[in-house]
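Pasted below: protein08.cif, mmCIF, C-alpha atoms and all ligand atoms.
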```cif
data_input
#
loop_
_atom_site.label_atom_id
_atom_site.label_comp_id
_atom_site.auth_asym_id
_atom_site.auth_seq_id
_atom_site.Cartn_x
_atom_site.Cartn_y
_atom_site.Cartn_z
CA MET H 1 -5.06 63.07 176.30
CA LEU H 2 -5.46 66.81 176.63
CA TYR H 3 -6.63 69.14 173.89
CA TYR H 4 -5.30 72.67 173.38
CA SER H 5 -6.87 75.54 171.50
CA THR H 6 -5.30 76.75 168.24
CA ASN H 7 -5.66 80.30 169.65
CA LYS H 8 -3.56 79.26 172.70
CA LYS H 9 -5.58 81.55 174.98
CA ALA H 10 -7.82 78.93 176.60
CA PRO H 11 -6.91 76.27 179.15
CA THR H 12 -6.32 72.75 177.84
CA ALA H 13 -9.41 70.55 177.93
CA SER H 14 -10.14 66.89 178.50
CA LEU H 15 -11.64 64.94 175.59
CA GLN H 16 -15.02 65.14 177.28
CA GLU H 17 -14.80 68.93 177.62
CA ALA H 18 -13.57 69.36 174.07
CA VAL H 19 -16.44 67.27 172.69
CA VAL H 20 -19.16 68.84 174.84
CA LYS H 21 -17.89 72.39 174.21
CA GLY H 22 -17.16 72.05 170.49
CA LEU H 23 -15.27 75.32 170.14
CA ALA H 24 -12.70 76.42 172.75
CA PRO H 25 -13.67 79.44 174.92
CA ASP H 26 -11.12 81.61 173.04
CA ARG H 27 -12.93 80.69 169.77
CA GLY H 28 -10.00 78.48 168.74
CA LEU H 29 -10.18 74.86 167.56
CA TYR H 30 -9.18 72.00 169.82
CA MET H 31 -6.12 69.96 168.82
CA PRO H 32 -4.83 66.80 170.53
CA GLN H 33 -1.56 67.43 172.40
CA ARG H 34 0.04 64.41 170.79
CA ILE H 35 -0.38 62.63 167.49
CA GLY H 36 1.25 59.26 168.05
CA ARG H 37 2.82 57.26 165.23
CA LEU H 38 1.28 53.85 164.75
CA PRO H 39 3.75 50.93 164.89
CA GLY H 40 5.48 49.71 161.72
CA ASN H 41 3.91 46.24 161.90
CA PHE H 42 0.44 47.84 161.72
CA PHE H 43 1.36 49.15 158.28
CA SER H 44 3.05 45.97 157.12
CA GLU H 45 -0.10 43.97 158.00
CA ILE H 46 -2.67 46.58 157.06
CA GLY H 47 -3.58 44.86 153.79
CA ASP H 48 -4.93 41.90 155.79
CA LEU H 49 -7.06 43.97 158.15
CA GLY H 50 -10.73 44.94 157.83
CA LEU H 51 -12.25 48.41 158.04
CA GLN H 52 -13.40 48.05 161.65
CA GLU H 53 -10.13 46.50 162.83
CA ILE H 54 -8.20 49.38 161.30
CA ALA H 55 -10.57 52.02 162.67
CA LYS H 56 -10.39 50.49 166.17
CA THR H 57 -6.59 50.76 166.17
CA VAL H 58 -6.65 54.37 164.97
CA ALA H 59 -9.44 55.30 167.41
CA GLU H 60 -7.46 53.84 170.29
CA ALA H 61 -4.46 56.00 169.42
CA PHE H 62 -6.58 59.14 169.77
CA PHE H 63 -9.16 58.24 172.38
CA GLY H 64 -7.80 55.16 174.17
CA GLU H 65 -6.62 57.07 177.25
CA ASP H 66 -10.07 58.56 177.78
CA ILE H 67 -12.55 55.83 176.84
CA GLY H 68 -12.31 52.15 177.71
CA LYS H 69 -11.36 49.82 174.87
CA GLU H 70 -14.63 47.91 174.91
CA LYS H 71 -16.73 51.09 174.78
CA LEU H 72 -14.55 52.58 172.06
CA ASP H 73 -14.78 49.41 169.97
CA THR H 74 -18.57 49.56 170.29
CA ILE H 75 -18.58 53.18 169.14
CA VAL H 76 -16.44 52.31 166.10
CA ALA H 77 -18.50 49.23 165.23
CA GLY H 78 -21.73 51.21 165.50
CA THR H 79 -20.32 53.95 163.27
CA LEU H 80 -18.79 51.91 160.46
CA ASN H 81 -21.43 49.35 159.63
CA PHE H 82 -21.44 50.12 155.92
CA GLU H 83 -19.08 49.59 153.00
CA ILE H 84 -16.36 52.03 151.96
CA PRO H 85 -15.09 50.45 148.73
CA LEU H 86 -12.03 51.49 146.74
CA LYS H 87 -12.65 51.11 143.01
CA LYS H 88 -10.43 51.50 139.98
CA VAL H 89 -11.68 54.20 137.61
CA GLU H 90 -8.80 54.26 135.12
CA GLU H 91 -5.14 53.27 135.04
CA GLY H 92 -3.46 54.62 138.18
CA ILE H 93 -6.65 56.32 139.42
CA TYR H 94 -8.85 54.91 142.18
CA VAL H 95 -11.95 56.26 143.90
CA LEU H 96 -12.78 55.79 147.58
CA GLU H 97 -16.59 55.74 147.78
CA LEU H 98 -17.50 57.37 151.06
CA PHE H 99 -21.21 57.61 150.33
CA HIS H 100 -22.69 54.26 151.37
CA GLY H 101 -23.88 55.44 154.78
CA PRO H 102 -27.49 56.18 155.76
CA THR H 103 -27.61 59.66 154.18
CA PHE H 104 -25.34 58.84 151.22
CA ALA H 105 -22.64 61.38 152.08
CA PHE H 106 -19.25 61.08 153.76
CA LYS H 107 -20.38 63.19 156.71
CA ASP H 108 -22.18 60.09 158.02
CA VAL H 109 -18.87 58.75 159.37
CA GLY H 110 -18.06 61.77 161.54
CA ALA H 111 -21.67 62.41 162.55
CA ARG H 112 -22.31 58.81 163.63
CA PHE H 113 -19.06 58.61 165.58
CA MET H 114 -19.66 61.92 167.31
CA ALA H 115 -23.23 60.96 168.22
CA ARG H 116 -22.03 57.78 169.92
CA MET H 117 -19.16 59.46 171.72
CA LEU H 118 -21.31 62.38 172.89
CA SER H 119 -23.98 59.97 174.07
CA HIS H 120 -21.34 58.14 176.13
CA PHE H 121 -20.29 61.42 177.79
CA VAL H 122 -23.89 62.52 178.33
CA GLN H 123 -24.52 59.31 180.24
CA GLU H 124 -21.36 59.87 182.32
CA ARG H 125 -22.35 63.46 183.12
CA GLN H 126 -26.04 62.70 183.65
CA GLU H 127 -26.79 65.94 181.85
CA GLU H 128 -28.81 66.70 178.73
CA VAL H 129 -27.05 68.27 175.77
CA ASN H 130 -28.53 70.28 172.91
CA VAL H 131 -26.78 70.07 169.56
CA LEU H 132 -27.27 73.06 167.27
CA VAL H 133 -26.52 72.73 163.59
CA ALA H 134 -27.06 75.15 160.73
CA THR H 135 -27.21 73.44 157.37
CA SER H 136 -27.35 74.20 153.69
CA GLY H 137 -28.28 70.54 153.13
CA ASP H 138 -25.83 67.71 153.75
CA THR H 139 -24.63 68.42 157.28
CA GLY H 140 -28.17 68.54 158.61
CA SER H 141 -29.07 65.15 157.18
CA ALA H 142 -25.91 63.40 158.41
CA VAL H 143 -26.13 64.92 161.89
CA ALA H 144 -29.89 64.36 162.27
CA ASN H 145 -29.65 60.72 161.19
CA GLY H 146 -26.49 60.15 163.23
CA PHE H 147 -28.07 61.45 166.44
CA LEU H 148 -31.54 60.00 165.92
CA GLY H 149 -32.81 58.27 169.05
CA MET H 150 -29.72 59.12 171.17
CA GLU H 151 -30.90 59.51 174.75
CA GLY H 152 -30.16 62.79 176.52
CA ILE H 153 -29.32 64.59 173.29
CA ARG H 154 -31.65 66.94 171.46
CA VAL H 155 -30.73 68.17 167.99
CA PHE H 156 -31.91 71.44 166.45
CA VAL H 157 -31.36 71.64 162.71
CA LEU H 158 -31.70 75.15 161.29
CA TYR H 159 -32.15 75.37 157.55
CA PRO H 160 -33.12 78.07 155.06
CA SER H 161 -36.72 77.62 153.96
CA GLY H 162 -37.04 76.83 150.27
CA LYS H 163 -33.26 76.73 149.73
CA VAL H 164 -32.46 73.05 150.21
CA SER H 165 -33.50 70.27 147.83
CA ASP H 166 -36.65 68.25 148.61
CA MET H 167 -34.48 65.18 149.08
CA GLN H 168 -32.18 66.94 151.56
CA GLU H 169 -35.13 68.42 153.44
CA ALA H 170 -36.78 65.01 153.73
CA GLN H 171 -33.62 63.61 155.32
CA PHE H 172 -33.82 65.80 158.41
CA THR H 173 -37.46 66.94 158.67
CA THR H 174 -39.15 63.54 158.68
CA LEU H 175 -37.34 61.87 161.57
CA GLY H 176 -39.16 63.16 164.67
CA GLN H 177 -38.04 61.84 168.09
CA ASN H 178 -35.12 63.97 169.34
CA ILE H 179 -34.62 65.79 166.04
CA ILE H 180 -36.23 69.23 165.73
CA ALA H 181 -36.08 70.89 162.31
CA LEU H 182 -36.35 74.68 162.37
CA GLU H 183 -37.29 76.08 158.99
CA VAL H 184 -35.84 79.57 158.97
CA ASP H 185 -37.28 82.37 156.90
CA GLY H 186 -33.85 83.45 155.68
CA THR H 187 -30.59 82.30 154.07
CA PHE H 188 -28.02 79.72 155.18
CA ASP H 189 -25.89 82.57 156.51
CA ASP H 190 -28.84 83.72 158.64
CA CYS H 191 -29.10 80.19 160.07
CA GLN H 192 -25.40 80.17 160.86
CA THR H 193 -25.65 83.59 162.52
CA LEU H 194 -28.54 82.40 164.70
CA VAL H 195 -26.48 79.40 165.83
CA LYS H 196 -23.39 81.52 166.52
CA SER H 197 -25.48 84.01 168.51
CA ALA H 198 -26.87 81.15 170.59
CA PHE H 199 -23.36 80.02 171.53
CA MET H 200 -22.54 83.62 172.56
CA ASP H 201 -25.72 84.18 174.59
CA GLU H 202 -24.95 83.99 178.29
CA GLU H 203 -28.47 83.36 179.54
CA LEU H 204 -29.01 80.57 177.06
CA ASN H 205 -25.71 78.91 177.97
CA THR H 206 -26.45 78.96 181.69
CA ARG H 207 -29.88 77.42 181.12
CA LEU H 208 -28.94 74.88 178.46
CA LYS H 209 -25.86 72.85 177.55
CA LEU H 210 -25.22 73.71 173.91
CA THR H 211 -22.75 72.15 171.51
CA SER H 212 -22.08 72.15 167.80
CA ALA H 213 -21.83 69.18 165.48
CA ASN H 214 -19.88 70.64 162.59
CA SER H 215 -16.34 69.62 161.80
CA ILE H 216 -14.84 71.98 164.37
CA ASN H 217 -15.82 69.30 166.91
CA VAL H 218 -12.92 66.88 167.48
CA ALA H 219 -15.34 63.97 167.77
CA ARG H 220 -16.61 64.66 164.29
CA PHE H 221 -13.43 65.48 162.45
CA LEU H 222 -10.86 63.02 163.90
CA PRO H 223 -12.79 59.81 163.00
CA GLN H 224 -12.58 60.89 159.38
CA SER H 225 -8.95 59.79 159.49
CA PHE H 226 -10.07 56.12 159.74
CA TYR H 227 -10.94 55.74 156.09
CA TYR H 228 -7.61 57.08 154.84
CA PHE H 229 -5.95 54.04 156.42
CA TRP H 230 -8.67 51.83 154.98
CA ALA H 231 -8.12 53.32 151.48
CA TYR H 232 -4.44 52.49 151.73
CA ALA H 233 -5.18 48.96 152.99
CA GLN H 234 -7.39 48.30 149.98
CA LEU H 235 -4.85 49.79 147.61
CA VAL H 236 -2.01 47.54 148.79
CA ARG H 237 -4.39 44.61 148.35
CA GLN H 238 -5.08 45.58 144.74
CA VAL H 239 -1.72 46.88 143.50
CA GLN H 240 1.91 47.38 144.42
CA ALA H 241 1.31 50.66 146.20
CA GLY H 242 4.30 52.84 145.46
CA LYS H 243 4.03 56.58 145.80
CA THR H 244 0.47 57.54 146.68
CA VAL H 245 -1.38 60.83 146.37
CA ILE H 246 -4.90 61.48 147.68
CA SER H 247 -7.22 64.15 146.29
CA VAL H 248 -9.88 65.55 148.64
CA PRO H 249 -12.87 67.69 147.58
CA SER H 250 -12.57 70.50 150.11
CA GLY H 251 -14.90 73.00 151.75
CA ASN H 252 -14.35 73.51 155.46
CA LEU H 253 -11.18 71.37 155.20
CA GLY H 254 -12.23 68.92 157.92
CA ASN H 255 -11.83 65.94 155.62
CA LEU H 256 -8.42 67.04 154.35
CA THR H 257 -7.21 67.78 157.89
CA ALA H 258 -8.19 64.26 158.97
CA GLY H 259 -6.04 62.92 156.10
CA LEU H 260 -3.10 65.04 157.24
CA PHE H 261 -3.50 63.59 160.73
CA ALA H 262 -3.39 60.10 159.23
CA LYS H 263 -0.13 60.97 157.48
CA ARG H 264 1.28 62.32 160.74
CA MET H 265 0.40 58.97 162.34
CA GLY H 266 2.61 57.25 159.79
CA LEU H 267 0.24 56.44 156.92
CA PRO H 268 2.56 56.04 153.92
CA VAL H 269 0.81 58.57 151.69
CA GLY H 270 3.16 60.81 149.77
CA ARG H 271 1.03 63.90 149.62
CA PHE H 272 -2.45 65.36 149.31
CA ILE H 273 -4.32 67.48 146.81
CA ALA H 274 -7.04 69.89 147.93
CA ALA H 275 -9.66 70.26 145.21
CA ASN H 276 -11.59 73.53 145.25
CA ASN H 277 -14.52 74.75 143.20
CA ARG H 278 -14.70 78.49 142.47
CA ASN H 279 -14.47 79.03 146.22
CA ASP H 280 -10.69 78.78 146.18
CA VAL H 281 -9.51 80.60 149.28
CA PHE H 282 -7.38 77.60 150.24
CA ARG H 283 -5.87 77.14 146.75
CA GLU H 284 -4.94 80.81 146.83
CA TYR H 285 -3.22 80.31 150.19
CA ILE H 286 -1.25 77.33 148.85
CA GLN H 287 -0.21 79.31 145.76
CA THR H 288 0.64 82.63 147.39
CA GLY H 289 0.89 82.20 151.17
CA GLN H 290 -1.88 84.79 151.54
CA TYR H 291 -5.10 83.77 153.26
CA THR H 292 -8.06 85.97 152.38
CA PRO H 293 -11.42 84.62 153.56
CA ARG H 294 -14.41 86.03 151.72
CA ALA H 295 -18.11 85.45 151.05
CA SER H 296 -18.83 82.19 149.26
CA VAL H 297 -20.30 81.90 145.77
CA GLN H 298 -22.80 79.26 144.69
CA THR H 299 -21.60 76.32 142.57
CA ILE H 300 -22.92 72.90 141.53
CA ALA H 301 -20.63 71.31 144.14
CA ASN H 302 -22.43 73.29 146.82
CA ALA H 303 -21.18 71.40 149.89
CA MET H 304 -17.81 72.95 149.04
CA ASP H 305 -19.15 76.52 148.79
CA VAL H 306 -17.15 77.83 151.71
CA GLY H 307 -15.43 81.21 151.80
CA ALA H 308 -13.79 80.94 155.23
CA PRO H 309 -12.88 77.29 155.85
CA SER H 310 -13.31 76.54 159.55
CA ASN H 311 -10.47 74.00 159.80
CA PHE H 312 -7.83 76.22 158.19
CA ASP H 313 -6.33 77.04 161.60
CA ARG H 314 -5.89 73.35 162.33
CA ILE H 315 -3.75 72.95 159.21
CA LEU H 316 -1.66 76.00 160.13
CA ASP H 317 -1.20 74.65 163.64
CA LEU H 318 -0.29 71.15 162.45
CA TYR H 319 2.54 72.57 160.33
CA GLY H 320 3.70 75.22 162.80
CA HIS H 321 2.41 77.99 160.51
CA VAL H 322 5.18 77.28 157.99
CA HIS H 323 3.83 77.77 154.47
CA GLU H 324 6.61 75.74 152.86
CA ALA H 325 5.95 72.77 155.14
CA ILE H 326 2.29 72.90 154.15
CA THR H 327 3.01 73.08 150.42
CA ASN H 328 5.42 70.12 150.72
CA ASP H 329 2.42 67.99 151.68
CA ILE H 330 -0.46 69.71 149.88
CA SER H 331 -1.06 71.15 146.44
CA SER H 332 -4.36 72.60 145.28
CA TYR H 333 -6.38 73.29 142.12
CA LYS H 334 -9.72 74.87 141.36
CA TYR H 335 -12.47 74.15 138.84
CA SER H 336 -15.45 76.00 137.41
CA ASP H 337 -18.95 74.49 137.16
CA GLU H 338 -18.36 73.94 133.42
CA GLU H 339 -15.16 71.97 134.05
CA ILE H 340 -16.87 69.87 136.71
CA SER H 341 -19.84 69.16 134.41
CA THR H 342 -17.56 68.18 131.54
CA ALA H 343 -15.64 65.80 133.80
CA ILE H 344 -18.86 64.08 134.91
CA LYS H 345 -19.81 63.57 131.27
CA HIS H 346 -16.38 62.42 130.05
CA VAL H 347 -15.73 59.95 132.85
CA TYR H 348 -19.20 58.49 132.39
CA LEU H 349 -18.71 58.09 128.64
CA GLN H 350 -15.19 56.69 128.95
CA SER H 351 -15.48 54.31 131.88
CA GLY H 352 -19.17 54.18 132.82
CA TYR H 353 -18.31 55.53 136.26
CA LEU H 354 -20.81 58.07 137.58
CA LEU H 355 -19.32 60.97 139.55
CA ASP H 356 -21.19 63.50 141.67
CA PRO H 357 -20.03 67.15 141.35
CA HIS H 358 -17.83 66.96 144.49
CA GLY H 359 -16.11 63.75 143.49
CA ALA H 360 -15.72 65.13 139.97
CA CYS H 361 -13.86 68.14 141.31
CA ALA H 362 -11.47 65.85 143.22
CA TYR H 363 -11.05 63.67 140.12
CA LEU H 364 -10.05 66.69 138.03
CA ALA H 365 -7.52 67.84 140.61
CA LEU H 366 -6.02 64.35 140.73
CA LYS H 367 -5.75 64.20 136.93
CA GLU H 368 -4.03 67.57 136.91
CA GLY H 369 -1.76 67.06 139.89
CA LYS H 370 -0.80 63.38 139.81
CA LYS H 371 2.72 62.60 138.62
CA THR H 372 3.23 59.60 136.34
CA ASP H 373 5.02 57.55 139.01
CA GLU H 374 2.23 58.11 141.54
CA THR H 375 -0.90 56.08 142.23
CA GLY H 376 -3.84 58.36 142.85
CA ILE H 377 -6.94 58.06 145.01
CA PHE H 378 -9.74 60.60 145.01
CA LEU H 379 -12.54 60.74 147.55
CA ALA H 380 -16.14 60.57 146.32
CA THR H 381 -18.00 62.34 149.11
CA ALA H 382 -21.63 62.12 147.93
CA HIS H 383 -23.73 59.62 146.01
CA PRO H 384 -24.51 60.95 142.50
CA ALA H 385 -28.25 60.47 143.18
CA LYS H 386 -28.04 63.20 145.81
CA PHE H 387 -27.25 65.58 142.95
CA GLY H 388 -29.36 63.71 140.42
CA GLU H 389 -30.57 66.67 138.36
CA THR H 390 -27.10 68.12 137.93
CA VAL H 391 -25.60 64.75 137.06
CA GLU H 392 -28.38 63.90 134.62
CA ALA H 393 -27.89 67.25 132.87
CA CYS H 394 -24.23 66.24 132.27
CA THR H 395 -24.73 62.67 131.09
CA GLY H 396 -28.26 62.81 129.65
CA VAL H 397 -29.08 59.66 131.61
CA PRO H 398 -31.36 59.67 134.70
CA VAL H 399 -29.58 58.64 137.91
CA ARG H 400 -31.04 55.61 139.64
CA ILE H 401 -32.05 56.57 143.17
CA PRO H 402 -31.19 53.94 145.80
CA ASP H 403 -34.30 52.64 147.61
CA ALA H 404 -33.04 53.75 151.01
CA LEU H 405 -32.60 57.31 149.70
CA ALA H 406 -36.03 57.37 148.06
CA ALA H 407 -37.57 56.07 151.30
CA PHE H 408 -36.86 59.38 153.07
CA MET H 409 -39.30 61.09 150.69
CA GLN H 410 -42.17 58.88 151.81
CA HIS H 411 -42.37 60.22 155.34
CA LYS H 412 -44.22 63.27 156.53
CA LYS H 413 -42.34 66.54 156.89
CA GLN H 414 -42.38 67.97 160.42
CA SER H 415 -40.69 71.34 160.74
CA LEU H 416 -41.24 74.37 162.93
CA PRO H 417 -41.27 77.69 161.07
CA LEU H 418 -38.90 80.28 162.53
CA PRO H 419 -38.54 83.94 161.56
CA ASN H 420 -34.96 85.18 161.21
CA ASP H 421 -35.04 86.58 164.73
CA PHE H 422 -32.75 85.59 167.58
CA ASP H 423 -35.23 86.21 170.40
CA ARG H 424 -37.78 83.94 168.79
CA PHE H 425 -35.07 81.30 168.30
CA LYS H 426 -34.05 81.60 171.94
CA LYS H 427 -37.65 81.20 173.12
CA LYS H 428 -38.03 78.13 170.95
CA LEU H 429 -34.85 76.56 172.35
CA ILE H 430 -35.91 77.16 175.93
CA GLY H 431 -39.50 76.14 175.24
CA GLN H 432 -38.54 72.87 173.63
CA SER H 433 -36.09 71.83 176.31
C1 LIG N 1 -19.04 68.58 153.45
C2 LIG N 1 -18.76 68.09 152.09
C3 LIG N 1 -17.53 68.32 151.45
C4 LIG N 1 -16.45 69.18 152.07
O1 LIG N 1 -15.84 68.58 153.18
P1 LIG N 1 -14.99 69.46 154.21
O2 LIG N 1 -14.59 68.54 155.28
O3 LIG N 1 -15.93 70.55 154.70
O4 LIG N 1 -13.84 70.05 153.47
C5 LIG N 1 -17.31 67.74 150.21
N1 LIG N 1 -18.25 67.01 149.60
C6 LIG N 1 -19.46 66.78 150.19
C7 LIG N 1 -20.46 65.98 149.44
C8 LIG N 1 -19.75 67.29 151.44
O5 LIG N 1 -20.95 67.05 151.99
#
```
Show me this structure written as structure tokens.
Ligand SMILES: *Cc1c(COP(=O)(O)O)cnc(C)c1O
Amino acid sequence: MLYYSTNKKAPTASLQEAVVKGLAPDRGLYMPQRIGRLPGNFFSEIGDLGLQEIAKTVAEAFFGEDIGKEKLDTIVAGTLNFEIPLKKVEEGIYVLELFHGPTFAFKDVGARFMARMLSHFVQERQEEVNVLVATSGDTGSAVANGFLGMEGIRVFVLYPSGKVSDMQEAQFTTLGQNIIALEVDGTFDDCQTLVKSAFMDEELNTRLKLTSANSINVARFLPQSFYYFWAYAQLVRQVQAGKTVISVPSGNLGNLTAGLFAKRMGLPVGRFIAANNRNDVFREYIQTGQYTPRASVQTIANAMDVGAPSNFDRILDLYGHVHEAITNDISSYKYSDEEISTAIKHVYLQSGYLLDPHGACAYLALKEGKKTDETGIFLATAHPAKFGETVEACTGVPVRIPDALAAFMQHKKQSLPLPNDFDRFKKKLIGQS
């Protein structure tokens, strides 16, 4: 399968090129040339299939031409070795818990898949690759843990000193091996600028093979479609699934886009809801047809604090830039911190179910947008213990921290301090490689 750039000014790329490059040379996002529909009998039998079986079928549709079946099955099995349960929260409302991976956030799925696929290509090319990732918290932990111990791949995690939680910091600074944490004296935006400058720097790119591991990379965003099929499979097992709507807590829109791909492949989901916090650039686009990226503002659902969602162009491309086609499939709502906090409290009091701020935002959007004849699923993207202080402030009850999450805190932090200075960053990259 070939991949084209959403900017249409770069040559098409093989899967290997698209994964190793990350972004297309014209700064566009890679899209697969075809999105095949899965056969009808797959959907009629889906309720009897397991998570890995389903994911293997979906993975083959995207990557089967480029990676042998046995290898691909190994990549899928290595990625999805944890539970993704669908639970009933109230009548007609279900939650898909995507946070049972090693770092307790949904990004584990994409990061682990990408790490295995990139490692496969690195072995084929016999060439070392350096992954650069700027993080405000969750991406760094998922990517660092996903790539830990992968031969031929070195990961540089840039994070703003003093601006991530102790728990988040522990998840990517205590690993060692091929994971190098750079503690930047600056903000998250400074980290992102350093990474972007590195991709633009000619000397650096001739000396080192650099790639990114955020959701612009096809190997990270496409595998996120697996669990939409799995959600549906579990739903048909539990109820007569009629009309279905899925609510996605959205930031860079990678997760939502993966759901839209699943629908294009034939998944019988009626429509999607994009839940925004106060950073509602996408909701505004859905409402008005105007897209106005802007600086992000800080909220309690901070993994969704995005002012210029990187996957927006993929959604435009998927629907041929037709606003009406997009709004036929997607509606969108936004919530303030107060509304999110109140939802965490109310749901806990009413049903005993503990939401994290991101899941709570998706829950609210589902409550507001779901029609009475629809069954609704919302995605819970982070474990509530990852946002323990916020959640405890809403419910008044301390959140129990899973042992595996607490274990990260017991290891020694190893980070390299870095001034907010590109030349110093460049020296460090070259020196470490
Ligand atoms: C990254 C993240 C999101 C947003 O996902 P996108 O794919 O960027 O839209 C939502 N919730 C959590 C917990 C996240 O880490």
task = List all protein, DNA and RNA residues that have an atom no more than 7 Å from any atom of ligand LIG 1 (chain N), counting all atoms listed in the file, and report them as an MDAnalysis selection string.
result = chainID H and resid 105:107 138:139 215 249:256 303:304 358 381:382
key: Proximity to H:Trp230 - best of H:Ser247, H:Gln33, H:Gln432, H:Thr57, only C-alpha atoms   = H:Thr57
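Atom pair atom CA of H:Tyr94 / atom CA of H:Val391 has a distance of 20.1 Å (rounded to one decimal).
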request  = Using all atoms listed in the file, find the one residue out of H:Phe62, H:Phe387, H:Tyr319, H:Tyr333 that sits nearest to H:Gly137.
outcome  =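 Distance minimum relative to H:Gly137 lands on H:Phe387.
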Determine, for each residue of stretch 157-237 of chain H having at least one atom at most 12 Å from an atom of stretch 373-380 of chain H, the closest pair of atoms and their separation in Å to one decimal, counting all atoms listed in the file; order by chain and ascending number, as CSV.
```
residue,atom,partner,partner_atom,distance
H:Gln224,CA,H:Leu379,CA,11.8
H:Tyr227,CA,H:Leu379,CA,10.0
H:Tyr228,CA,H:Leu379,CA,9.5
H:Trp230,CA,H:Ile377,CA,11.9
H:Ala231,CA,H:Ile377,CA,8.1
H:Tyr232,CA,H:Ile377,CA,9.1
H:Gln234,CA,H:Ile377,CA,11.0
H:Leu235,CA,H:Ile377,CA,8.9
H:Val236,CA,H:Thr375,CA,10.8
```
Close residues, stretch 264-266 of chain H itself excluded, 12 Å, all atoms listed in the file, min 3 positions apart in chain, as a PDB file with C-alpha atoms, in the frame of the given file:
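Heads up, here's the output in selection-v9.pdb:
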```pdb
ATOM      1  CA  ARG H  34       0.040  64.410 170.790  1.00  0.00           C
ATOM      2  CA  ILE H  35      -0.380  62.630 167.490  1.00  0.00           C
ATOM      3  CA  GLY H  36       1.250  59.260 168.050  1.00  0.00           C
ATOM      4  CA  ARG H  37       2.820  57.260 165.230  1.00  0.00           C
ATOM      5  CA  LEU H  38       1.280  53.850 164.750  1.00  0.00           C
ATOM      6  CA  PRO H  39       3.750  50.930 164.890  1.00  0.00           C
ATOM      7  CA  GLY H  40       5.480  49.710 161.720  1.00  0.00           C
ATOM      8  CA  ASN H  41       3.910  46.240 161.900  1.00  0.00           C
ATOM      9  CA  PHE H  42       0.440  47.840 161.720  1.00  0.00           C
ATOM     10  CA  PHE H  43       1.360  49.150 158.280  1.00  0.00           C
ATOM     11  CA  SER H  44       3.050  45.970 157.120  1.00  0.00           C
ATOM     12  CA  THR H  57      -6.590  50.760 166.170  1.00  0.00           C
ATOM     13  CA  VAL H  58      -6.650  54.370 164.970  1.00  0.00           C
ATOM     14  CA  ALA H  59      -9.440  55.300 167.410  1.00  0.00           C
ATOM     15  CA  ALA H  61      -4.460  56.000 169.420  1.00  0.00           C
ATOM     16  CA  PHE H  62      -6.580  59.140 169.770  1.00  0.00           C
ATOM     17  CA  SER H 225      -8.950  59.790 159.490  1.00  0.00           C
ATOM     18  CA  PHE H 226     -10.070  56.120 159.740  1.00  0.00           C
ATOM     19  CA  TYR H 228      -7.610  57.080 154.840  1.00  0.00           C
ATOM     20  CA  PHE H 229      -5.950  54.040 156.420  1.00  0.00           C
ATOM     21  CA  TYR H 232      -4.440  52.490 151.730  1.00  0.00           C
ATOM     22  CA  THR H 257      -7.210  67.780 157.890  1.00  0.00           C
ATOM     23  CA  ALA H 258      -8.190  64.260 158.970  1.00  0.00           C
ATOM     24  CA  GLY H 259      -6.040  62.920 156.100  1.00  0.00           C
ATOM     25  CA  LEU H 260      -3.100  65.040 157.240  1.00  0.00           C
ATOM     26  CA  PHE H 261      -3.500  63.590 160.730  1.00  0.00           C
ATOM     27  CA  VAL H 269       0.810  58.570 151.690  1.00  0.00           C
ATOM     28  CA  GLY H 270       3.160  60.810 149.770  1.00  0.00           C
ATOM     29  CA  ARG H 271       1.030  63.900 149.620  1.00  0.00           C
ATOM     30  CA  ILE H 315      -3.750  72.950 159.210  1.00  0.00           C
ATOM     31  CA  LEU H 318      -0.290  71.150 162.450  1.00  0.00           C
ATOM     32  CA  TYR H 319       2.540  72.570 160.330  1.00  0.00           C
ATOM     33  CA  ASP H 329       2.420  67.990 151.680  1.00  0.00           C
TER      34      ASP H 329
END
```
remark   = Using only C-alpha atoms, the shortest atom-to-atom distance to H:Gly388 among H:Ile340, H:Cys361, H:Ile300, H:Leu349 belongs to H:Ile300
query = Taking all atoms listed in the file into account, which of H:Thr103, H:Lys9, H:Glu203, H:Pro85 comes nearest H:Gln168?
reply =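 Smallest separation from H:Gln168 among the options: H:Thr103.
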message = To one decimal place in Å, what is the distance between atom CA of H:Ile344 and atom CA of H:Val306?
response =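 Computed distance, atom CA of H:Ile344 to atom CA of H:Val306, equals 21.8 Å.
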inquiry  = From the options H:Leu364, H:Ala301, H:Leu416, H:Met409, which residue's atoms come nearest to H:Pro384, counting all atoms listed in the file?
reply    =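 Closest candidate: H:Ala301.
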Shell around stretch 79-82 of chain H at 10 Å using all atoms listed in the file, local window under 2 positions removed, as a ChimeraX atom specification = /H:51-52,55,73-77,84-85,98-102,108-116,146,223,226-227
remark   = With distances taken over all atoms listed in the file, the candidate from H:Glu45, H:Glu324, H:Asp66, H:Asp337 nearest H:Asn279 is H:Asp337
request  = Work out how far apart atom CA of H:Asn130 and atom CA of H:Val218 are and give it in Å to one decimal.
outcome  =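 Value for the atom CA of H:Asn130-atom CA of H:Val218 distance: 16.9 Å.
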